[in-house]
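Presented below is the structure to which this report refers.
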Amino acid sequence: MSLSEEQIVPTPTTEQDTQASSEEKQPASSSMQEFYQLYQELLVITLVLTGVIFISVWVSYSLNIALNYLLGACAGVLYLRMLAKDVERLGREKQQLSKTRLALLVILILLASKLKQLEIMPIFLGFLTYKATLIIYVVRVAFISDSTKLRQP
């Protein structure tokens with residue numbers, strides 16, 4: 001028997017390898033459960049951030065500008081929901097994400113440019129509120145993972 005004919009059976013050599021193999025055996029439902037929890041968390045953070053910014057803009061500027069911001073933030077929440085639905089279908093029904101979500105922002109900006117009551121900048125910044133949510137989430141997760149690394153002996 002030569003070396004090329006031997007069958008190599010991988011064995012976990014460290015605790016990390018053992019954990020990785022047990023994670024692969026978890027059902028896909030736990031991954032989807034994590035996805036739904038992440039989506040809910042991002043949605044809550046976005047809504048809280050929207051409320052705080054809406055009140056701040058209302059106090060600092062005017063109700064009209066605050067309502068324009070709120071319109072854009074609602075479009076951002078809708079965009080986030082559409083993105084989550086696309087990601088949920090990814091792999092089962094679809095092979096790639098659709099790009100029609102961006103049409104929501106384009107239509108909103110075109111509408112704002114035609115109507116005198118709507119202002120483009122507050123609507124656009126309101127739409128970007130979900131991006132601020134993502135930044136807050138990433139920074140929070142980075143600090144949590146750093147603090148747990150420091151606490152481990």
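FYI, nothing fancy with the structure tokens labels: chains A, B, ... in order, residues from 1 per chain, ligands from 1 as they appear.
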
- Quick one: everything within 10 Å of region 26-40 of chain A, counting only C-alpha atoms, minus sequence neighbours fewer than 4 positions away in the same chain. Send it as a list in words.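 Listed by chain and then number, they are Ser21, Ser22, Val44, Ile45, Thr46, Leu80, Arg81, Leu83, Ala84, Val87, Glu88 and Tyr137 of chain A.
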
Please write the residues from the selection above to a file, keeping N, CA and C atoms, as a compact mmCIF listing (two decimals), in the first residue's frame.
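Printed below is part31.txt as written:
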```txt
# COMPACT_ATOMS: atom_id res chain seq x y z
N SER A 21 -17.26 21.80 13.91
CA SER A 21 -17.98 20.68 13.33
C SER A 21 -19.37 20.54 13.95
N SER A 22 -19.52 20.88 15.23
CA SER A 22 -20.85 20.80 15.83
C SER A 22 -21.75 21.92 15.32
N VAL A 44 -35.90 47.44 15.52
CA VAL A 44 -36.15 48.18 16.76
C VAL A 44 -35.19 49.36 16.88
N ILE A 45 -33.92 49.12 16.61
CA ILE A 45 -32.93 50.21 16.68
C ILE A 45 -33.27 51.30 15.68
N THR A 46 -33.68 50.91 14.48
CA THR A 46 -34.05 51.90 13.46
C THR A 46 -35.25 52.72 13.89
N LEU A 80 -35.40 48.30 4.34
CA LEU A 80 -34.80 47.29 5.20
C LEU A 80 -35.67 46.03 5.23
N ARG A 81 -36.98 46.20 5.26
CA ARG A 81 -37.90 45.06 5.24
C ARG A 81 -37.81 44.31 3.92
N LEU A 83 -35.24 44.23 1.93
CA LEU A 83 -33.94 43.58 1.93
C LEU A 83 -33.97 42.29 2.74
N ALA A 84 -34.63 42.34 3.89
CA ALA A 84 -34.74 41.14 4.74
C ALA A 84 -35.53 40.05 4.03
N VAL A 87 -33.21 38.51 1.45
CA VAL A 87 -32.20 37.66 2.09
C VAL A 87 -32.84 36.36 2.56
N GLU A 88 -34.07 36.45 3.06
CA GLU A 88 -34.78 35.26 3.53
C GLU A 88 -34.99 34.25 2.39
N TYR A 137 -25.06 49.05 15.26
CA TYR A 137 -25.02 47.62 15.54
C TYR A 137 -23.59 47.07 15.43
```

Give one line per residue of region 113-149 of chain A that approaches region 61-70 of chain A to at most 12 Å, naming the two atoms of the closest pair and their distance in Å to one decimal, counting only C-alpha atoms; sort by chain then ascending residue number and deliver it as CSV.
```
residue,atom,partner,partner_atom,distance
A:Leu115,CA,A:Asn68,CA,11.8
A:Lys116,CA,A:Asn64,CA,11.4
A:Gln117,CA,A:Asn64,CA,8.0
A:Leu118,CA,A:Asn68,CA,6.3
A:Glu119,CA,A:Asn68,CA,6.5
A:Ile120,CA,A:Asn68,CA,8.1
A:Met121,CA,A:Tyr69,CA,8.3
A:Pro122,CA,A:Tyr69,CA,4.6
A:Ile123,CA,A:Tyr69,CA,4.8
A:Phe124,CA,A:Tyr69,CA,7.6
A:Leu125,CA,A:Tyr69,CA,6.8
A:Gly126,CA,A:Tyr69,CA,4.6
A:Phe127,CA,A:Tyr69,CA,7.8
A:Leu128,CA,A:Tyr69,CA,9.9
A:Thr129,CA,A:Tyr69,CA,9.4
```

Based on the selection just made, write N, CA and C atoms of those residues as a JSON list (two decimals), in the first residue's frame.
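Done, and the output landed in again-v9.json:
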```json
[["chain", "number", "residue", "atom", "x", "y", "z"],
["A", 115, "LEU", "N", -42.76, 67.91, -6.11],
["A", 115, "LEU", "CA", -43.70, 68.54, -5.19],
["A", 115, "LEU", "C", -42.98, 69.58, -4.33],
["A", 116, "LYS", "N", -43.60, 70.75, -4.19],
["A", 116, "LYS", "CA", -42.96, 71.85, -3.45],
["A", 116, "LYS", "C", -42.97, 71.62, -1.94],
["A", 117, "GLN", "N", -43.91, 70.81, -1.44],
["A", 117, "GLN", "CA", -43.98, 70.57, -0.01],
["A", 117, "GLN", "C", -42.85, 69.66, 0.50],
["A", 118, "LEU", "N", -42.32, 68.84, -0.40],
["A", 118, "LEU", "CA", -41.29, 67.88, -0.01],
["A", 118, "LEU", "C", -39.90, 68.44, -0.27],
["A", 119, "GLU", "N", -38.99, 68.12, 0.62],
["A", 119, "GLU", "CA", -37.61, 68.55, 0.47],
["A", 119, "GLU", "C", -36.71, 67.32, 0.35],
["A", 120, "ILE", "N", -35.80, 67.37, -0.58],
["A", 120, "ILE", "CA", -34.98, 66.20, -0.91],
["A", 120, "ILE", "C", -34.03, 65.82, 0.22],
["A", 121, "MET", "N", -33.33, 66.78, 0.78],
["A", 121, "MET", "CA", -32.29, 66.46, 1.76],
["A", 121, "MET", "C", -32.84, 65.77, 3.02],
["A", 122, "PRO", "N", -33.90, 66.28, 3.66],
["A", 122, "PRO", "CA", -34.41, 65.56, 4.83],
["A", 122, "PRO", "C", -34.94, 64.16, 4.48],
["A", 123, "ILE", "N", -35.53, 64.02, 3.32],
["A", 123, "ILE", "CA", -36.03, 62.70, 2.90],
["A", 123, "ILE", "C", -34.86, 61.75, 2.70],
["A", 124, "PHE", "N", -33.82, 62.21, 2.04],
["A", 124, "PHE", "CA", -32.66, 61.36, 1.79],
["A", 124, "PHE", "C", -31.97, 60.98, 3.10],
["A", 125, "LEU", "N", -31.80, 61.95, 4.00],
["A", 125, "LEU", "CA", -31.17, 61.65, 5.28],
["A", 125, "LEU", "C", -32.04, 60.72, 6.12],
["A", 126, "GLY", "N", -33.35, 60.88, 6.02],
["A", 126, "GLY", "CA", -34.25, 59.96, 6.71],
["A", 126, "GLY", "C", -34.11, 58.55, 6.17],
["A", 127, "PHE", "N", -33.98, 58.43, 4.86],
["A", 127, "PHE", "CA", -33.79, 57.12, 4.25],
["A", 127, "PHE", "C", -32.51, 56.47, 4.77],
["A", 128, "LEU", "N", -31.49, 57.24, 5.00],
["A", 128, "LEU", "CA", -30.21, 56.70, 5.45],
["A", 128, "LEU", "C", -30.18, 56.34, 6.93],
["A", 129, "THR", "N", -31.28, 56.53, 7.62],
["A", 129, "THR", "CA", -31.32, 56.19, 9.05],
["A", 129, "THR", "C", -31.01, 54.72, 9.27]]
```

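Between CA of Val77 (chain A) and CA of Lys114 (chain A) there is a distance of 23.0 Å.
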
- Task: Using backbone DSSP assignments, extract all helix (DSSP H, G or I) residues from region 15-139 of chain A; output them as a PyMOL selection string.
- Result: chain A and resi 15-24+28-60+63-89+102-114+120-127+129-139

- Task: Do a neighbour search on Ala103 (chain A) at 12 Å with only C-alpha atoms, toss out local chain neighbours closer than 5 positions, and write the hits as an MDAnalysis selection string.
- Result: chainID A and resid 75:76 78:79 82 98 108:111

- Item | Selected residue, from A:Ile135, A:Val52, A:Ala73, A:Arg101, that lies nearest to Asp86 (chain A) when counting only C-alpha atoms |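 Ranking A:Ile135, A:Val52, A:Ala73, A:Arg101 by distance to Asp86 (chain A), first place goes to A:Arg101.
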
- Query: Taking into account only C-alpha atoms, which residue in the set A:Leu71, A:Leu134, A:Ile144, A:Leu97 is nearest to Ala112 (chain A)?
  - Reply: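 Among A:Leu71, A:Leu134, A:Ile144, A:Leu97, it is A:Leu71 that comes nearest to Ala112 (chain A).
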